[in-house]
Each structure stands twice: as structure tokens, then as C-alpha cells.
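Pasting target_31.txt here (compact mmCIF, C-alpha atoms):
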# COMPACT_ATOMS: atom_id res chain seq x y z
CA MET N 140 11.30 -4.60 6.51
CA VAL N 141 13.81 -2.16 5.14
CA ILE N 142 13.85 -0.97 1.55
CA TYR N 143 16.56 1.35 0.33
CA LEU N 144 16.46 3.45 -2.83
CA MET N 145 20.00 3.91 -3.97
CA LEU N 146 20.77 6.80 -6.30
CA ASN N 147 24.19 7.05 -7.87
CA ARG N 148 25.51 9.35 -10.60
CA HIS N 149 27.12 6.41 -12.39
CA ARG N 150 24.32 3.83 -12.14
CA PRO N 151 20.53 3.94 -12.46
CA ALA N 152 18.40 3.97 -9.31
CA GLN N 153 18.26 0.62 -7.58
CA ILE N 154 15.96 -0.66 -4.85
CA PHE N 155 17.49 -2.91 -2.20
CA PHE N 156 15.64 -5.08 0.30
CA ALA N 157 17.79 -6.45 3.11
CA GLY N 158 20.86 -6.06 0.92
CA ALA N 159 19.50 -7.91 -2.12
CA LEU N 160 18.91 -6.03 -5.36
CA LEU N 161 15.23 -6.11 -6.26
CA LEU N 162 14.72 -3.68 -9.15
CA THR N 163 16.64 -1.21 -11.27
CA ALA N 164 15.17 1.90 -12.84
CA PRO N 165 14.67 0.26 -16.29
CA SER N 166 12.77 -2.66 -14.75
CA LEU N 167 10.65 -0.17 -12.78
CA ALA N 168 9.75 1.55 -16.05
CA PHE N 169 8.78 -1.81 -17.57
CA ALA N 170 6.66 -2.64 -14.52
CA HIS N 171 4.90 0.73 -14.90
CA ALA N 172 4.13 0.07 -18.58
CA ARG N 173 2.97 -3.46 -17.80
CA GLY N 174 0.71 -2.04 -15.08
CA GLY N 175 -1.38 -0.25 -17.72
CA GLU N 176 -1.91 -3.53 -19.55
CA GLN N 177 -2.85 -5.26 -16.31
CA ILE N 178 -5.39 -2.54 -15.53
CA GLN N 179 -7.01 -3.15 -18.93
CA GLU N 180 -7.12 -6.91 -18.27
CA VAL N 181 -8.71 -6.50 -14.84
CA THR N 182 -11.16 -3.92 -16.19
CA LYS N 183 -12.22 -6.38 -18.85
CA ALA N 184 -12.67 -9.10 -16.22
CA LEU N 185 -14.79 -6.70 -14.14
CA GLN N 186 -17.26 -6.33 -17.02
CA GLY N 187 -18.63 -9.76 -16.14
CA ASN N 188 -18.85 -8.99 -12.42
CA PRO N 189 -18.42 -5.27 -11.72
CA MET N 190 -18.52 -5.69 -7.93
CA ASP N 191 -16.01 -8.55 -7.60
CA PRO N 192 -14.04 -7.45 -4.51
CA THR N 193 -10.90 -9.39 -5.46
CA LEU N 194 -10.74 -7.79 -8.90
CA LEU N 195 -11.54 -4.34 -7.50
CA LEU N 196 -8.78 -4.67 -4.92
CA ARG N 197 -6.33 -5.85 -7.57
CA ARG N 198 -7.16 -3.00 -9.94
CA GLY N 199 -7.07 -0.50 -7.09
CA ARG N 200 -3.57 -1.65 -6.19
CA LEU N 201 -2.53 -1.34 -9.85
CA TYR N 202 -3.96 2.19 -9.94
CA LEU N 203 -2.03 2.92 -6.73
CA ASP N 204 1.19 1.73 -8.37
CA GLN N 205 0.43 3.92 -11.40
CA LYS N 206 -0.28 6.92 -9.13
CA SER N 207 -3.85 7.12 -10.42
CA TYR N 208 -5.10 7.93 -6.94
CA PRO N 209 -8.76 8.91 -7.56
CA GLU N 210 -9.30 5.67 -9.48
CA ALA N 211 -7.58 3.67 -6.74
CA ILE N 212 -9.78 5.20 -4.04
CA ALA N 213 -12.91 4.50 -6.11
CA ASP N 214 -11.95 0.83 -6.50
CA PHE N 215 -11.08 0.43 -2.83
CA ASP N 216 -14.42 2.01 -1.85
CA ARG N 217 -16.31 -0.30 -4.22
CA ALA N 218 -14.42 -3.33 -2.85
CA LEU N 219 -15.41 -2.34 0.70
CA GLU N 220 -19.00 -1.83 -0.41
CA SER N 221 -19.19 -5.23 -2.10
CA GLN N 222 -17.59 -7.12 0.79
CA PRO N 223 -17.80 -5.08 4.02
CA ASN N 224 -16.19 -7.79 6.15
CA ASP N 225 -12.95 -7.61 4.16
CA ARG N 226 -11.11 -4.64 5.61
CA SER N 227 -7.95 -4.95 3.48
CA PRO N 228 -9.00 -2.18 1.06
CA LEU N 229 -8.83 0.21 4.02
CA MET N 230 -5.09 -0.24 4.34
CA TYR N 231 -4.51 0.53 0.68
CA LYS N 232 -6.94 3.44 0.76
CA GLY N 233 -5.02 4.77 3.76
CA GLN N 234 -1.82 4.53 1.73
CA VAL N 235 -3.38 6.54 -1.12
CA LEU N 236 -4.74 9.17 1.25
CA GLN N 237 -1.34 9.48 2.92
CA ARG N 238 0.29 10.08 -0.48
CA LEU N 239 -2.32 12.74 -1.23
CA GLY N 240 -1.55 14.53 2.04
CA ARG N 241 -4.97 13.75 3.49
CA TYR N 242 -3.47 12.57 6.76
CA GLN N 243 -6.53 12.54 9.03
CA GLU N 244 -8.49 10.46 6.51
CA ALA N 245 -5.52 8.14 6.09
CA LEU N 246 -5.29 7.74 9.84
CA ALA N 247 -9.01 6.89 10.07
CA CYS N 248 -8.64 4.17 7.42
CA LEU N 249 -5.53 2.68 8.99
CA ASP N 250 -7.04 2.79 12.49
CA SER N 251 -10.14 0.99 11.25
CA TYR N 252 -8.04 -1.64 9.47
CA ILE N 253 -5.87 -2.28 12.53
CA ARG N 254 -8.86 -2.30 14.94
CA ALA N 255 -10.46 -4.97 12.76
CA GLY N 256 -7.73 -7.31 14.01
CA PHE N 257 -5.25 -7.41 11.18
CA PRO N 258 -1.74 -7.61 12.68
CA ASP N 259 -0.02 -6.30 9.59
CA SER N 260 3.38 -4.67 10.03
CA PHE N 261 2.95 -2.63 6.85
CA ALA N 262 -0.23 -1.03 8.23
CA PHE N 263 1.61 -0.08 11.42
CA GLU N 264 4.50 1.34 9.37
CA LEU N 265 2.09 3.41 7.28
CA ARG N 266 0.29 4.64 10.35
CA ALA N 267 3.64 5.57 11.92
CA GLN N 268 4.45 7.65 8.84
CA VAL N 269 1.12 9.45 9.12
CA HIS N 270 1.66 10.13 12.83
CA GLU N 271 5.12 11.51 12.03
CA LEU N 272 3.64 13.78 9.35
CA LEU N 273 1.07 14.96 11.91
CA ASN N 274 3.89 15.85 14.36
CA ASP N 275 3.10 12.99 16.74
CA PRO N 276 6.48 11.25 17.03
CA GLU N 277 5.63 9.37 20.24
CA THR N 278 2.73 7.54 18.61
CA ALA N 279 4.81 7.01 15.47
CA ILE N 280 7.49 5.29 17.56
CA GLN N 281 4.86 3.06 19.21
CA ASP N 282 3.57 1.99 15.81
CA LEU N 283 7.07 1.32 14.52
CA ARG N 284 7.79 -0.81 17.59
CA ARG N 285 4.59 -2.78 16.94
CA ALA N 286 5.62 -3.28 13.30
CA VAL N 287 8.99 -4.64 14.41
CA GLU N 288 7.34 -6.98 16.93
CA ILE N 289 5.11 -8.39 14.20
CA GLN N 290 8.06 -8.86 11.84
CA GLU N 291 10.09 -10.59 14.54
CA GLY N 292 7.14 -12.90 15.25
CA VAL N 293 6.92 -13.80 11.56
CA ARG N 294 10.66 -14.57 11.43
CA ALA N 295 10.46 -16.68 14.59
CA TRP N 296 7.61 -18.69 13.13

Take the structure from the file and write it as C-alpha cells.
Amino acid sequence: MVIYLMLNRHRPAQIFFAGALLLTAPSLAFAHARGGEQIQEVTKALQGNPMDPTLLLRRGRLYLDQKSYPEAIADFDRALESQPNDRSPLMYKGQVLQRLGRYQEALACLDSYIRAGFPDSFAFELRAQVHELLNDPETAIQDLRRAVEIQEGVRAW
């Protein structure tokens, strides 16, 4: 998976995925504003069941998109607490920790997620980024190769 952020003096920022335009800067701003409304909706839904792991994961991902990292981590932790067998919050928590520069903690979350048997290329890509930031390029390359293998398997299927 390749995503390019194109910046040009004459046009707003654009995000490309495999050559296809996905979003422009104005639509990103709208998505950000809409994210606040979605957080309110999910928070309201959580009032009826404050430990619903699906809602906690959803709100945590919205907080992640909004760069509200402490709130995202809290929701991912609560989702893990309410449903310990679902390891998916670990990947997102690892992403938050990586953005915060807490690389060892991010690595622990991503390792745990991957060891749980989730062959997710995004998790390997994230872990590769963390290894690169920790000056471990050999391991980063291994993780990137694994991510590519998974993506090629998905395409072949």
C-alpha cells in the first residue's frame, strides 16, 4: 500500500493511493470537523454500555484521527480490558504511541498484536517505522518485506 501526499504551490494538498486521488485538503478539513460530531455520537452510545469494545475502538480511532492521543489510548485500553481476546486495539495504540515518540511502548504493542496471529500488513508497516526510528534498519526491512508478502497474498486471492 502506497499513499502519497502531494504538495504543490498552485493546488491544495492531495492524497493519492496507487495513483487515484482520494482526498484534497478541503475534504480533509471537513472530515476533521465531522470527526468531532462522530465522537459525540459514539460517546452518547457509550452511555448505555460504557464498556462496549466495538464503540470504544471506534471512538479511539476517531480520537486518533483528531490527534487526541491521551483519549485514544484510554479508549484502546478500555477496549482491551472489556474484551481481552480482541487484540486489534493494540495495533491502534501502537500507532498512537509511535506518533507520541514512545517507540519502545509502541513496539511492545505491535509485537503483541502480531504475535497474537494477526497477519496485518499495516501492523508490519507500523512496526517497520518504529524499528527505523530506533535505528534498526535490518529489522525494519524484514517487517516491510513481510508487509509486502501479505499484500501480495491478498491481491492473489

Counting all atoms listed in the file, the residue of N:Leu195, N:Leu203, N:Ala255, N:Leu273 that sits nearest Arg217 in chain N
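The answer is N:Leu195, which sits nearest to Arg217 in chain N.
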
With distances taken over only C-alpha atoms, which of N:Met230, N:Gly256, N:Ile178, N:Arg285 is nearest to Glu244 in chain N?
N:Met230

Put the listed atoms of range 186-204 of chain N in a box along x, y and z with 8 Å added on every side and give me the centre and edge lengths in Å to one decimal, as JSON.
{"center_x": -8.8, "center_y": -3.4, "center_z": -10.8, "size_x": 36.0, "size_y": 28.7, "size_z": 28.5}

Could you give me, as a ChimeraX atom specification, the residues within 9 Å of Leu201 in chain N, counting all atoms listed in the file and dropping anything in the same chain fewer than 2 positions from it?
/N:174-175,177-178,196-199,203-207,211

Output of the above residues as a PDB file, in the coordinates of the input, restricted to C-alpha atoms:
ATOM      1  CA  GLY N 174       0.710  -2.040 -15.080  1.00  0.00           C
ATOM      2  CA  GLY N 175      -1.380  -0.250 -17.720  1.00  0.00           C
ATOM      3  CA  GLN N 177      -2.850  -5.260 -16.310  1.00  0.00           C
ATOM      4  CA  ILE N 178      -5.390  -2.540 -15.530  1.00  0.00           C
ATOM      5  CA  LEU N 196      -8.780  -4.670  -4.920  1.00  0.00           C
ATOM      6  CA  ARG N 197      -6.330  -5.850  -7.570  1.00  0.00           C
ATOM      7  CA  ARG N 198      -7.160  -3.000  -9.940  1.00  0.00           C
ATOM      8  CA  GLY N 199      -7.070  -0.500  -7.090  1.00  0.00           C
ATOM      9  CA  LEU N 203      -2.030   2.920  -6.730  1.00  0.00           C
ATOM     10  CA  ASP N 204       1.190   1.730  -8.370  1.00  0.00           C
ATOM     11  CA  GLN N 205       0.430   3.920 -11.400  1.00  0.00           C
ATOM     12  CA  LYS N 206      -0.280   6.920  -9.130  1.00  0.00           C
ATOM     13  CA  SER N 207      -3.850   7.120 -10.420  1.00  0.00           C
ATOM     14  CA  ALA N 211      -7.580   3.670  -6.740  1.00  0.00           C
TER      15      ALA N 211
END

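Using only C-alpha atoms, the contacts of Ser227 in chain N at a cut-off of 10 Å, with sequence neighbours closer than 6 positions omitted, comprise Leu196, Phe215, Ala218, Leu219, Cys248, Leu249, Tyr252, Ile253, Ala255, Phe257 and Ala262 of chain N.
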
Provide the CA of Gln234 in chain N to CA of Leu265 in chain N distance in Å, to one decimal place.
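Computing the Euclidean distance for CA of Gln234 in chain N and CA of Leu265 in chain N yields 6.9 Å.
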
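Atom to atom, CA of Phe261 in chain N and CA of Ala286 in chain N stand 7.0 Å apart.
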
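We find CA of Asp282 in chain N and CA of His270 in chain N to be spaced 8.9 Å apart.
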
Could you list, as a short mmCIF file (atom, residue, chain, number, x, y, z; two decimals) with C-alpha atoms, keeping the file's coordinate frame, every residue within 10 Å of Ala279 in chain N, counting all atoms listed in the file and ignoring same-chain residues fewer than 4 positions away?
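Result written to around-v3.cif:
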data_model
loop_
_atom_site.label_atom_id
_atom_site.label_comp_id
_atom_site.auth_asym_id
_atom_site.auth_seq_id
_atom_site.Cartn_x
_atom_site.Cartn_y
_atom_site.Cartn_z
CA PHE N 263 1.61 -0.08 11.42
CA GLU N 264 4.50 1.34 9.37
CA LEU N 265 2.09 3.41 7.28
CA ARG N 266 0.29 4.64 10.35
CA ALA N 267 3.64 5.57 11.92
CA GLN N 268 4.45 7.65 8.84
CA VAL N 269 1.12 9.45 9.12
CA HIS N 270 1.66 10.13 12.83
CA GLU N 271 5.12 11.51 12.03
CA LEU N 272 3.64 13.78 9.35
CA LEU N 273 1.07 14.96 11.91
CA ASN N 274 3.89 15.85 14.36
CA ASP N 275 3.10 12.99 16.74
CA LEU N 283 7.07 1.32 14.52
CA ARG N 284 7.79 -0.81 17.59
CA ARG N 285 4.59 -2.78 16.94
#

I'd like to know which of N:Arg173, N:Pro258, N:Glu288, N:Tyr231 is closest to Ala245 in chain N, using all atoms listed in the file.
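Distance minimum relative to Ala245 in chain N lands on N:Tyr231.
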
Between N:Glu176, N:Pro228, N:Glu277, N:Ser260, which residue has the minimum interatomic distance to Glu291 in chain N, considering only C-alpha atoms?
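Smallest distance to Glu291 in chain N is found for N:Ser260.
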